[in-house]
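Peer 1: The structure under discussion is supplied below as structure tokens; questions concerning it will follow.
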Protein chains: 4
Amino acid sequence: MVMGNEGSLLAELFSTAAMDHLFSVEEQVQQMLRFEWALSAALETTGLAPRNSAAPLAELLATTFLTEQRAETIRHGAALAGNIAIPFVKLLTQIVRERDADAARFIHTGATSQDVLDTALVLQMREAMTLLAMDLDAMIASCVALAREHAETIVAGRTWLQQGPPTTLGLQFAGYALALDRSRTRLRNVAARSAMLQFGGAVGTLASLGEQGLAVSAELASRLELREPAMPWHSHRDTLAEAAAALGLLTGTLGKMAKDISLSMQTEVGELFEPAGAGRGGSSTMPHKRNPVSCAAVLAAAVRVPPFVATMIAAMPQEHERGLGGWHAEWETLPQIFRLAAGALAQMQQTVEGLEVDAIRMEENLALTHGLVLAEAVSAALAEHVGRDAAHRSMEAASHRAICGKRHLFDELRADPDVSRYLSEEDLARLLDPGNYLGSARAFMERALVRLNETEV
Amino acid sequence: MVMGNEGSLLAELFSTAAMDHLFSVEEQVQQMLRFEWALSAALETTGLAPRNSAAPLAELLATTFLTEQRAETIRHGAALAGNIAIPFVKLLTQIVRERDADAARFIHTGATSQDVLDTALVLQMREAMTLLAMDLDAMIASCVALAREHAETIVAGRTWLQQGPPTTLGLQFAGYALALDRSRTRLRNVAARSAMLQFGGAVGTLASLGEQGLAVSAELASRLELREPAMPWHSHRDTLAEAAAALGLLTGTLGKMAKDISLSMQTEVGELFEPAGAGRGGSSTMPHKRNPVSCAAVLAAAVRVPPFVATMIAAMPQEHERGLGGWHAEWETLPQIFRLAAGALAQMQQTVEGLEVDAIRMEENLALTHGLVLAEAVSAALAEHVGRDAAHRSMEAASHRAICGKRHLFDELRADPDVSRYLSEEDLARLLDPGNYLGSARAFMERALVRLNETEV
Amino acid sequence: MVMGNEGSLLAELFSTAAMDHLFSVEEQVQQMLRFEWALSAALETTGLAPRNSAAPLAELLATTFLTEQRAETIRHGAALAGNIAIPFVKLLTQIVRERDADAARFIHTGATSQDVLDTALVLQMREAMTLLAMDLDAMIASCVALAREHAETIVAGRTWLQQGPPTTLGLQFAGYALALDRSRTRLRNVAARSAMLQFGGAVGTLASLGEQGLAVSAELASRLELREPAMPWHSHRDTLAEAAAALGLLTGTLGKMAKDISLSMQTEVGELFEPAGAGRGGSSTMPHKRNPVSCAAVLAAAVRVPPFVATMIAAMPQEHERGLGGWHAEWETLPQIFRLAAGALAQMQQTVEGLEVDAIRMEENLALTHGLVLAEAVSAALAEHVGRDAAHRSMEAASHRAICGKRHLFDELRADPDVSRYLSEEDLARLLDPGNYLGSARAFMERALVRLNETEV
Amino acid sequence: MVMGNEGSLLAELFSTAAMDHLFSVEEQVQQMLRFEWALSAALETTGLAPRNSAAPLAELLATTFLTEQRAETIRHGAALAGNIAIPFVKLLTQIVRERDADAARFIHTGATSQDVLDTALVLQMREAMTLLAMDLDAMIASCVALAREHAETIVAGRTWLQQGPPTTLGLQFAGYALALDRSRTRLRNVAARSAMLQFGGAVGTLASLGEQGLAVSAELASRLELREPAMPWHSHRDTLAEAAAALGLLTGTLGKMAKDISLSMQTEVGELFEPAGAGRGGSSTMPHKRNPVSCAAVLAAAVRVPPFVATMIAAMPQEHERGLGGWHAEWETLPQIFRLAAGALAQMQQTVEGLEVDAIRMEENLALTHGLVLAEAVSAALAEHVGRDAAHRSMEAASHRAICGKRHLFDELRADPDVSRYLSEEDLARLLDPGNYLGSARAFMERALVRLNETEV
């Protein structure tokens, strides 16, 4: 049976099989079942339910609960009840009753729909965060490897889509690695914060458990290996929205990488390429093209996820002890964010792992402006003699003449008495060599790698 | 086989079966097939393909093309190719080749992936718009019926969540009907504008069709009963984003209705109720409650759709002849908007059709403030004698005394010489009767119904 | 005095002086005053206020009402009252009282804060729409002129940021013009729809005007030259949100233009340039650069406006007769959208009007792939002999060999017996000439210009 | 001179004077000046500039740099240059030159526009975060105080806007305090992370400083008391977007509080009230009303901020070493978020500090359902005898009869043999007393207060 996003024809482009599975309806229901099992077990332990109340639930947990028929029952029930927990619990109770009427009587005792839905979500999120953490580790390692490999690979720095002075590919990838590392830290923190039981009963007081509320809650948290909050958090959704935001920031950084790489793949630039592969990025009408397919998928995620983050934050003002609309708005939104973030991460990892680098083209491109991108180097040297403003004006004029005359800046400069008075031809040649104008690029990169090494520990 | 959103357990709560079907992957692929059939037929007609080239496609069109295995093939191919059209066309060509190698040679001739995807989308949208139009007609009719029925049902006007002077339920429903009617007009217009062929080939010039581009295009549009644009619109997405916005505006109006009705369903208000039904809106822990389930679903849509509209508009700046990421961002977004709008419309229609009105409670609630909500009426009458400011001050003071003393405003006013000098007890009693302070409510409602009647024609 | 956005240091980059003025607080208050004048005049006409009640307001209207001190009073009052209308009306009444106590007594009679705020907004919007319409006319004319001028200027079509077959600059600008024309139509429609009086009193019934509500309303609308709605629309915000969406769509199209032009300005592409000018687009550290400043401003708007549109739609579900938070959320949002849209339009107009086109560089860029971008042309010709799939495979292989061997596709193809069997050297040369592979580009462009001409009428 | 948002008539409603000042253009330019001073000082220290180069900048720093005329110059220059740093540096250099030509020559050496803009922003943010932290401390303290005071104040729990079993006002405020405390932690963390120098020169390599890049950078960071990053972060905006998200989460929690309080202020509920005050929340047409003005302002922020967060994340994919549009999109967005968050915090603080609680009305409201809200208590007790399902069915039936017959649940239950068989009248009376059905409310609240106490340390 194929359900939910796994059924989409775009699943492999926009998500990963593992993440789609974690947020499939089968898995959601399985985690809901796990909550009910743990609750029955906790009721047993605290003496509120007879021994073996949890046993039939443990048994059910061993196989996939959701069949197509049960899905139909829950789907139809959800439209009447307003959530899937009510028909699920009803169905579960019926099924267990056939095996063990006593056990059936204690299912869901003390809990409300939101307890089972929120805790199941938290369990799904915990596994999802583990998946992402592993993928992020691999991704950062790939970026670090590229940074090391290309520590000396010179490439045009580009600002406002215009070439500026040179930088190194190594520094660029160190920058990606640092940004991804910040995302890793955020995700670790929010993963820890969000792995928290939700158990409050009808309005968050566990009133129906009388004096035993805290005992059951503690036992339940322990069985699910979740932290127990000071008090139920059902109407405070900040931790979920924070998870959404952290995934949004990750997607933003991946989007920045995809933007850079796809621009570098342009026919007219040709410096970086997504890895080739049979059928990969082919165009139906342009047989020669290698489309930046992974970058496109990542950029799509970078467009789609920010509004989803807005949805999660906008949904936060939920009325009183359980909101109307706000809570419901989260249900399909948060899984989509995980799905898109995981997909973007996987696509970018493929790209970075197999990235093709054309260092010669980088050098050629840097030569396109006939030295203009190194005007700053000359300007700085000149400024030492005539001041920043005068130097700036001289260079602006020389650059203008170079552009109009389609001549090399070197030629313009050595012919300019305002320049040649201070800078010899040797000076100019040295100043116009990109390899001599990398400033602290190497030092910055090394510091970044050290920093990354430290956070690894 | 259950695929796409139809597999969701929330499908019936957040969408409708009909809309989910229209935007299912089966239906999408079916419309893509329809495009390919119409293209082959157009190539035949213009002499670019031999007779009977379209026949095998027509045959395939008679049954559902997408099997689980074909879905798997397309899904996997899409991850490599970057869209589902490439693997679909490949698969289709293989299948046709087995039946008619000649016909297979001409499949997709002149077209690019975006042509088939965009045109298939347009065909799906056309049917979706028709569905929505019918549902909107029914919805507006229900609102008009309620407006007529409750033309004289007095209810507290409420501003800032505080009771103000009275209005009528009839006027409120006339207001909903007018807003829905504006949405209907917008949807009609955008439905007409968006029912437009996309056919441009690789970069929008139909170059591979040589001199025959316009002829094939005209024939293709005619077969699909779509309008032909002046030129291909593939990189200009404004009409799609406009459709998204129009659906957003509809959802906003439905959200306003859901907000009003759910507030009126509060335990402490109890004026309006969603229709009851077996299992409808029951709470798993609170047996007596009737939850505003439909309103919750509609309000969730009203939270979720606006960010989706932002996604569609944000995706508009698509690079050159085909964008990177922006186009891809639309694929799952626009169907979600249709799905949520259709679901919200269906839920609200259920609610309005079966709405329970407690007019007695409305009257009781209006009496809660001991006349304060009619202070304005007295103020206005008093202002004729002492001016607006002085009247305002008198009433503010009397209201304050009434609140503090928990007395009826009538008693305060007749005891206040600044008031009783100008207004007799009879005057005050008349002024404090809600039915005497409805101003132009009836006239406005009648005008609204006339206006609605005119647009029906 | 400088207030509101006019005080921003970014006003000239992100907005226009005219639009900032229209949405300045001075102008807002002036329009509020205009409402109060028209209301007093309407009360006069209908006999509810004595003659000359409106006269002192007419007098005030002749000069700018808002002084720095009055602004301070209103600002402080707004924080207490929750909107600026309450302190404004209070202040206005005081000021008029000093001149004419009788006239002061009738100020704001029958109206509520939202009436004056909404109607003032509508008056501001009407002027703003007129401004935008004029700017759009000029913009479309510039695009049409460029389309005509460059009807034959060949440029690489680009999809997924990769070069594809050629198209013409003329066709591209015809496409922009058509999209802008659709925006113009939308804005015209929404301008007409939104130029609508809001006048409903406390809860939308005009109760305090007794039997005279409709008469005053009609007179008021007439004085302000606004249409009168069937009933007050204060709690239905769809027309305002529709205006926001229409401006969002315009900004999206402008963003697409800015994206295309800025990509074409890249150092490695160099085909199009924003006009140069003293100080324009200079970089503080890179003297030779010409930054796409206008494109940056437009792209910023294209990022910022969509979430603003989401805000306007998300704010629609406003409670009962006047909402809490939703209405307030509009106040600073809608002016920002107008401001950003006007700024983006002005920036793009500057760019298009002075656009520099380097047609030689376009030709050179098209040659970068050694014929690969015309592979489709050959493929199509070959397909006539061997079928689409076989042709596709041959071309894919030849393209691959050309890329690897850094040879021209022409050389690969004539050396390939699978190709040369069907296509002679002459055929190949013809097929690989971009000017011979423009398909219906010219015809499409002409149709677009005709279409534009029709809508002008 | 009044510039920027301080000029808005809504400044006091939506923001605070302190935050508006921090993000005023005067203050922004002042921090830019501070960067230039620190840079000149660092150049001095490292021997790259002569002694006393920083002195004229230090002098300028002592007064407000921005005059109306200078603002005009910068505003106009920004429209040409694309940012305000370029005209600012030019202007600054001119001004300094008149005093000390030598010092003028070294202004901005090594830096690029983005260095000064980003670092100035970081300095503004640091102060803003300090402001917010103090306000949050006060706010949390107020919530804790209310929680302690109302530890035993019983109020209806409400889910889906329907009354459920009781809870305590104390528990509700403990919940707010915990959520605000999580926001405080987030803001502390992001404040620490974002207080980071940006200094990279043209493309992030500090190339124009030759070997001295790191030395100048370290010195500069030290002068500004900012941390130095491993490498410049100019094209990685995740930390800024994270700050935006953290403020969004805070606003979301404030919005939840405003939603709850405003619902509790409804005429029909009347349990909680914003503090009264002269002119506060008055209505221009309804003299008796006390509008939830602060809640409205907070709810408006809760609608507006989430899309702003989306803007910040959507702007992250900035091209290469400096983006086009994305960076520019941040400039007016992040200040707006700070402004709205600060305003919402201040408004909610006013509300909580002066909150009026009507505990008697809470009790009366709980009695509205004639015992139905305690059905769960009876159901749980009954379930011990007959199982959860049977108990649920009994209670559903009894509740239904109670509603239809407008009788108290107590009467229905004691008359129901299926119930009275197990539960005596005494049992029923005890079970239907709200004070006996608070479960772990007290224990949860105490745990929350302990947790808050711990984080204070």
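Each chain in the structure tokens gets a letter, A, B, ..., in the order shown, and its residues are numbered from 1; ligands are numbered from 1 in order too.
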Just the residues within 7 Å of Leu355 in chain A, please, counting only C-alpha atoms, with nothing from its chain fewer than 5 positions along; format it as a PyMOL selection string.
Peer 2: chain A and resi 272-275
Peer 1: Write out as a VMD selection string each polymer residue whose atoms come within 10 Å of range 96-99 of chain B, counting only C-alpha atoms; drop sequence neighbours fewer than 3 positions from it.
Peer 2: chain B and resid 53 55 to 57 60 91 to 93 102 to 105 107
Peer 1: How many Å lie between CA of Phe23 in chain A and CA of Ala296 in chain A, rounded to one decimal?
Peer 2: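 Interatomic distance, CA of Phe23 in chain A to CA of Ala296 in chain A: 23.4 Å.
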Peer 1: Specify as a PyMOL selection string all residues of chain A found within 8 Å of chain C, counting only C-alpha atoms.
Peer 2: chain A and resi 160-164+262-263+265-269+285-292+296+307+365+368-369+372-373+375-376+392-393+395-396+399-400
Peer 1: Suppose we keep C-alpha atoms; can you now write the selection as a short mmCIF file (atom, residue, chain, number, x, y, z; two decimals), in the first residue's frame?
Peer 2:
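Okay, this is what ended up in selection-v2.cif:
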```
data_model
loop_
_atom_site.label_atom_id
_atom_site.label_comp_id
_atom_site.auth_asym_id
_atom_site.auth_seq_id
_atom_site.Cartn_x
_atom_site.Cartn_y
_atom_site.Cartn_z
CA TRP A 160 25.94 41.70 -7.10
CA LEU A 161 26.55 39.02 -9.78
CA GLN A 162 29.61 40.95 -10.91
CA GLN A 163 33.14 39.65 -10.67
CA GLY A 164 35.20 41.16 -7.92
CA SER A 262 23.69 26.56 -10.25
CA LEU A 263 25.06 29.97 -11.20
CA MET A 265 26.96 25.75 -13.85
CA GLN A 266 25.66 28.33 -16.31
CA THR A 267 26.77 27.75 -19.87
CA GLU A 268 28.63 31.06 -19.75
CA VAL A 269 30.37 30.26 -16.45
CA THR A 285 14.33 18.60 -26.16
CA MET A 286 17.98 19.58 -25.69
CA PRO A 287 20.03 16.40 -25.78
CA HIS A 288 23.33 18.03 -24.84
CA LYS A 289 22.22 19.84 -21.70
CA ARG A 290 23.10 18.87 -18.18
CA ASN A 291 20.48 20.57 -16.06
CA PRO A 292 21.21 21.41 -12.42
CA ALA A 296 16.53 23.09 -8.77
CA PRO A 307 6.20 30.23 4.08
CA ASN A 365 36.76 33.58 -16.26
CA LEU A 368 37.57 37.98 -18.72
CA THR A 369 37.75 41.49 -17.35
CA LEU A 372 39.59 44.85 -13.80
CA VAL A 373 38.74 42.51 -10.95
CA ALA A 375 41.67 47.04 -9.76
CA GLU A 376 41.15 47.08 -6.02
CA HIS A 392 39.67 55.40 -6.45
CA ARG A 393 39.19 58.12 -9.03
CA MET A 395 41.26 53.53 -11.07
CA GLU A 396 37.70 54.36 -12.04
CA SER A 399 38.92 50.97 -15.71
CA HIS A 400 36.54 52.98 -17.83
#
```
Peer 1: Using DSSP secondary structure from the backbone, list all alpha helix (DSSP H) positions within range 211-415 of chain A, as a ChimeraX atom specification.
Peer 2: /A:213-223,238-264,293-314,326-331,333-353,359-366,375-386,388-405,409-414
Peer 1: Using CA of Ala315 in chain B and CA of Lys259 in chain C as the two end points, give the distance in Å to one decimal.
Peer 2: 11.7 Å
Peer 1: Excluding Ala341 in chain C and its own-chain neighbours fewer than 4 positions away, which residues fall within 7 Å of it when counting only C-alpha atoms? Please give them as a list of chain:residue names.
Peer 2: C:Leu247, C:Thr251, C:Ile337, C:Leu345
Peer 1: Out of D:Leu431, D:Ala62, D:Met129, D:Ala258, which residue has the shortest atom-to-atom distance to Ala381 in chain D when counting only C-alpha atoms?
Peer 2: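 Among the listed residues, the smallest separation from Ala381 in chain D belongs to D:Leu431.
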Peer 1: Calculated over only C-alpha atoms, which of the candidates D:Leu206, D:Ala301, D:Cys143, D:Ala342 has the smallest distance to Leu178 in chain D?
Peer 2: D:Cys143
Peer 1: Neighbouring residues of range 72-80 of chain A were defined as those with any atom within 10 Å, considering only C-alpha atoms; residues of the same chain fewer than 2 positions away were excluded. Please report them as JSON, numbers by chain.
Peer 2: {"A": [66, 67, 68, 69, 70, 82, 83, 84, 85, 86, 87, 88, 89, 90, 91], "B": [6, 7, 8, 9, 10, 11, 12, 13, 14, 15, 276, 277, 278, 279, 280, 281, 282, 291, 293, 294, 297, 347]}
Peer 1: Output N, CA, C and O atoms for every residue in that selection, as a CSV table (one decimal), in the first residue's frame.
Peer 2:
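Resulting contents of result-v5.csv:
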```csv
chain,number,residue,atom,x,y,z
A,66,LEU,N,-1.6,-0.1,10.5
A,66,LEU,CA,-2.5,0.5,9.6
A,66,LEU,C,-2.7,-0.4,8.3
A,66,LEU,O,-1.7,-0.6,7.6
A,67,THR,N,-3.9,-0.9,8.1
A,67,THR,CA,-4.2,-1.6,6.8
A,67,THR,C,-5.0,-0.6,6.0
A,67,THR,O,-5.4,0.5,6.5
A,68,GLU,N,-5.2,-0.9,4.8
A,68,GLU,CA,-6.0,0.0,3.9
A,68,GLU,C,-7.4,0.2,4.5
A,68,GLU,O,-7.9,1.3,4.5
A,69,GLN,N,-8.0,-0.8,5.0
A,69,GLN,CA,-9.3,-0.7,5.6
A,69,GLN,C,-9.4,0.1,6.8
A,69,GLN,O,-10.3,0.9,7.0
A,70,ARG,N,-8.4,-0.1,7.7
A,70,ARG,CA,-8.3,0.7,8.9
A,70,ARG,C,-8.1,2.2,8.6
A,70,ARG,O,-8.6,3.1,9.2
A,82,GLY,N,-12.8,15.5,13.8
A,82,GLY,CA,-11.9,16.6,13.8
A,82,GLY,C,-10.4,16.3,14.0
A,82,GLY,O,-9.6,17.1,13.9
A,83,ASN,N,-10.2,15.0,14.3
A,83,ASN,CA,-8.8,14.6,14.3
A,83,ASN,C,-8.7,13.1,14.1
A,83,ASN,O,-9.8,12.4,14.2
A,84,ILE,N,-7.5,12.5,13.9
A,84,ILE,CA,-7.5,11.1,13.6
A,84,ILE,C,-7.4,10.3,14.9
A,84,ILE,O,-7.5,9.0,14.9
A,85,ALA,N,-7.1,10.9,16.0
A,85,ALA,CA,-6.9,10.1,17.3
A,85,ALA,C,-8.2,9.5,17.7
A,85,ALA,O,-8.2,8.4,18.2
A,86,ILE,N,-9.3,10.2,17.6
A,86,ILE,CA,-10.6,9.7,18.1
A,86,ILE,C,-11.0,8.4,17.4
A,86,ILE,O,-11.2,7.4,18.0
A,87,PRO,N,-11.0,8.4,16.0
A,87,PRO,CA,-11.3,7.1,15.4
A,87,PRO,C,-10.3,6.1,15.6
A,87,PRO,O,-10.6,4.9,15.7
A,88,PHE,N,-9.0,6.5,15.7
A,88,PHE,CA,-8.0,5.5,16.0
A,88,PHE,C,-8.2,4.8,17.3
A,88,PHE,O,-8.1,3.6,17.4
A,89,VAL,N,-8.4,5.6,18.3
A,89,VAL,CA,-8.6,5.0,19.7
A,89,VAL,C,-9.8,4.1,19.7
A,89,VAL,O,-9.8,3.0,20.3
A,90,LYS,N,-10.9,4.5,19.0
A,90,LYS,CA,-12.1,3.7,18.9
A,90,LYS,C,-11.8,2.4,18.2
A,90,LYS,O,-12.2,1.3,18.7
A,91,LEU,N,-11.1,2.5,17.1
A,91,LEU,CA,-10.8,1.3,16.4
A,91,LEU,C,-9.9,0.4,17.2
A,91,LEU,O,-10.1,-0.9,17.2
B,6,GLU,N,-4.9,11.6,-1.6
B,6,GLU,CA,-6.1,10.7,-1.3
B,6,GLU,C,-5.7,9.8,-0.3
B,6,GLU,O,-6.5,9.2,0.4
B,7,GLY,N,-4.4,9.5,-0.1
B,7,GLY,CA,-3.9,8.5,0.9
B,7,GLY,C,-3.8,9.1,2.3
B,7,GLY,O,-3.7,8.4,3.2
B,8,SER,N,-3.9,10.4,2.4
B,8,SER,CA,-3.8,11.1,3.7
B,8,SER,C,-5.0,10.7,4.5
B,8,SER,O,-6.1,10.5,4.1
B,9,LEU,N,-4.8,10.6,5.8
B,9,LEU,CA,-5.9,10.3,6.7
B,9,LEU,C,-6.7,11.5,7.0
B,9,LEU,O,-7.8,11.5,7.6
B,10,LEU,N,-6.2,12.7,6.5
B,10,LEU,CA,-6.9,13.9,6.8
B,10,LEU,C,-7.7,14.4,5.5
B,10,LEU,O,-8.2,15.5,5.5
B,11,ALA,N,-7.7,13.5,4.5
B,11,ALA,CA,-8.2,13.9,3.2
B,11,ALA,C,-9.7,14.4,3.3
B,11,ALA,O,-10.0,15.5,2.8
B,12,GLU,N,-10.5,13.7,4.1
B,12,GLU,CA,-11.9,14.1,4.2
B,12,GLU,C,-12.1,15.3,5.1
B,12,GLU,O,-13.2,16.0,5.0
B,13,LEU,N,-11.2,15.6,5.9
B,13,LEU,CA,-11.3,16.8,6.8
B,13,LEU,C,-10.9,18.1,6.1
B,13,LEU,O,-11.5,19.1,6.2
B,14,PHE,N,-9.8,18.0,5.4
B,14,PHE,CA,-9.2,19.2,4.8
B,14,PHE,C,-9.5,19.3,3.3
B,14,PHE,O,-9.1,20.3,2.7
B,15,SER,N,-10.0,18.3,2.6
B,15,SER,CA,-10.3,18.4,1.2
B,15,SER,C,-11.6,17.7,0.9
B,15,SER,O,-12.4,17.4,1.8
B,276,ALA,N,-25.4,19.0,14.2
B,276,ALA,CA,-25.0,17.8,14.9
B,276,ALA,C,-25.1,16.6,14.0
B,276,ALA,O,-25.6,16.6,12.9
B,277,GLY,N,-24.5,15.5,14.4
B,277,GLY,CA,-24.5,14.3,13.5
B,277,GLY,C,-23.8,13.2,14.3
B,277,GLY,O,-23.0,13.5,15.2
B,278,ALA,N,-24.1,12.0,14.0
B,278,ALA,CA,-23.5,10.9,14.7
B,278,ALA,C,-22.0,11.0,14.7
B,278,ALA,O,-21.4,11.1,13.6
B,279,GLY,N,-21.4,11.1,15.9
B,279,GLY,CA,-20.0,11.2,16.0
B,279,GLY,C,-19.4,12.5,15.6
B,279,GLY,O,-18.2,12.7,15.8
B,280,ARG,N,-20.1,13.4,15.2
B,280,ARG,CA,-19.6,14.7,14.7
B,280,ARG,C,-19.2,15.6,15.8
B,280,ARG,O,-19.9,16.0,16.7
B,281,GLY,N,-17.9,15.9,15.8
B,281,GLY,CA,-17.4,16.9,16.8
B,281,GLY,C,-17.4,16.4,18.2
B,281,GLY,O,-17.2,17.2,19.1
B,282,GLY,N,-17.5,15.1,18.4
B,282,GLY,CA,-17.4,14.6,19.8
B,282,GLY,C,-16.0,14.7,20.3
B,282,GLY,O,-15.1,14.8,19.5
B,291,ASN,N,-17.9,19.9,19.3
B,291,ASN,CA,-16.8,20.8,18.8
B,291,ASN,C,-17.1,21.3,17.5
B,291,ASN,O,-17.7,20.7,16.6
B,293,VAL,N,-16.0,21.3,14.5
B,293,VAL,CA,-15.1,20.6,13.7
B,293,VAL,C,-14.9,21.3,12.3
B,293,VAL,O,-13.8,21.5,11.8
B,294,SER,N,-16.0,21.6,11.7
B,294,SER,CA,-15.9,22.2,10.4
B,294,SER,C,-15.2,23.5,10.4
B,294,SER,O,-14.4,23.9,9.6
B,297,ALA,N,-11.5,23.1,10.7
B,297,ALA,CA,-10.9,22.7,9.4
B,297,ALA,C,-10.8,24.0,8.5
B,297,ALA,O,-9.8,24.2,7.8
B,347,GLN,N,-16.7,22.2,3.9
B,347,GLN,CA,-17.0,22.2,5.4
B,347,GLN,C,-17.9,23.3,5.7
B,347,GLN,O,-18.8,23.1,6.5
```
Peer 1: In Å to one decimal, how far is CA of Cys404 in chain B from CA of His370 in chain B?
Peer 2: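 About the pair CA of His370 in chain B and CA of Cys404 in chain B: they are 11.8 Å apart.
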Peer 1: For Gly201 in chain C, please output as a PyMOL selection string all residues within 7 Å (counting only C-alpha atoms; exclusion window: fewer than 3 positions along the same chain).
Peer 2: chain C and resi 110-112+115+204-206
Peer 1: Generate a file of the selected residues that holds N, CA, C and O atoms, formatted as a short mmCIF file (atom, residue, chain, number, x, y, z; two decimals), in the first residue's frame.
Peer 2:
```cif
data_model
loop_
_atom_site.label_atom_id
_atom_site.label_comp_id
_atom_site.auth_asym_id
_atom_site.auth_seq_id
_atom_site.Cartn_x
_atom_site.Cartn_y
_atom_site.Cartn_z
N GLY C 110 -22.84 59.72 13.23
CA GLY C 110 -23.26 58.52 12.49
C GLY C 110 -22.13 57.59 12.15
O GLY C 110 -22.36 56.43 11.80
N ALA C 111 -20.91 58.10 12.24
CA ALA C 111 -19.76 57.31 11.78
C ALA C 111 -19.05 56.64 12.94
O ALA C 111 -19.21 57.00 14.10
N THR C 112 -18.23 55.65 12.60
CA THR C 112 -17.35 55.03 13.57
C THR C 112 -15.91 55.17 13.06
O THR C 112 -15.69 55.55 11.90
N ASP C 115 -15.05 53.69 9.73
CA ASP C 115 -15.58 54.37 8.55
C ASP C 115 -14.58 55.40 8.02
O ASP C 115 -14.30 55.46 6.83
N GLY C 204 -22.33 48.69 11.55
CA GLY C 204 -22.67 48.48 10.14
C GLY C 204 -24.13 48.66 9.81
O GLY C 204 -24.56 48.28 8.71
N THR C 205 -24.90 49.23 10.73
CA THR C 205 -26.33 49.41 10.46
C THR C 205 -26.71 50.88 10.32
O THR C 205 -27.85 51.20 10.03
N LEU C 206 -25.74 51.78 10.58
CA LEU C 206 -26.02 53.22 10.57
C LEU C 206 -27.20 53.56 11.49
O LEU C 206 -27.96 54.51 11.23
#
```
Peer 1: Counting only C-alpha atoms, figure out which residue out of D:Val305, D:Leu169, D:Ile140, D:Ala441 gets nearest to Leu340 in chain D.
Peer 2: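 Among the listed residues, D:Val305 lies closest to Leu340 in chain D.
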Peer 1: Quick one: everything within 12 Å of Glu59 in chain C, counting only C-alpha atoms, minus sequence neighbours fewer than 4 positions away in the same chain. Send it as a PyMOL selection string.
Peer 2: chain C and resi 33-34+37+52-55+63-65+95-96+99-100
Peer 1: Using only C-alpha atoms, find the one residue out of C:Ala221, C:Val122, C:Met316, C:Met231 that sits nearest to Val203 in chain C.
Peer 2: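 Between C:Ala221, C:Val122, C:Met316, C:Met231, the residue approaching Val203 in chain C most closely is C:Met231.
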Peer 1: Using DSSP on the backbone coordinates, identify all residues within range 170-381 of chain C classified as strand (DSSP E or B); present the result as a ChimeraX atom specification.
Peer 2: /C:196,227,272-273,322,356-357
Peer 1: Can those selected residues be exported to a file as a CSV table (one decimal), in the first residue's frame so that it contains C-alpha atoms?
Peer 2:
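Writing done, so here's part16.csv:
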```csv
chain,number,residue,atom,x,y,z
C,196,MET,CA,-16.1,52.2,-2.6
C,227,ARG,CA,-19.3,54.1,-5.4
C,272,LEU,CA,22.2,43.6,-21.1
C,273,PHE,CA,23.1,46.5,-18.8
C,322,ARG,CA,-14.9,44.5,13.7
C,356,GLU,CA,22.0,48.9,-23.0
C,357,VAL,CA,22.0,45.9,-25.3
```
Peer 1: Residues within 7 Å of range 209-219 of chain D, please, as a list in words. Count only C-alpha atoms; anything in the same chain fewer than 4 positions from it doesn't count.
Peer 2: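 So the residues in contact are Gly439 and Ser440 of chain A; Ala42, Leu43, Thr46, Gly110, Phe199, Arg223 and Glu228 of chain D.
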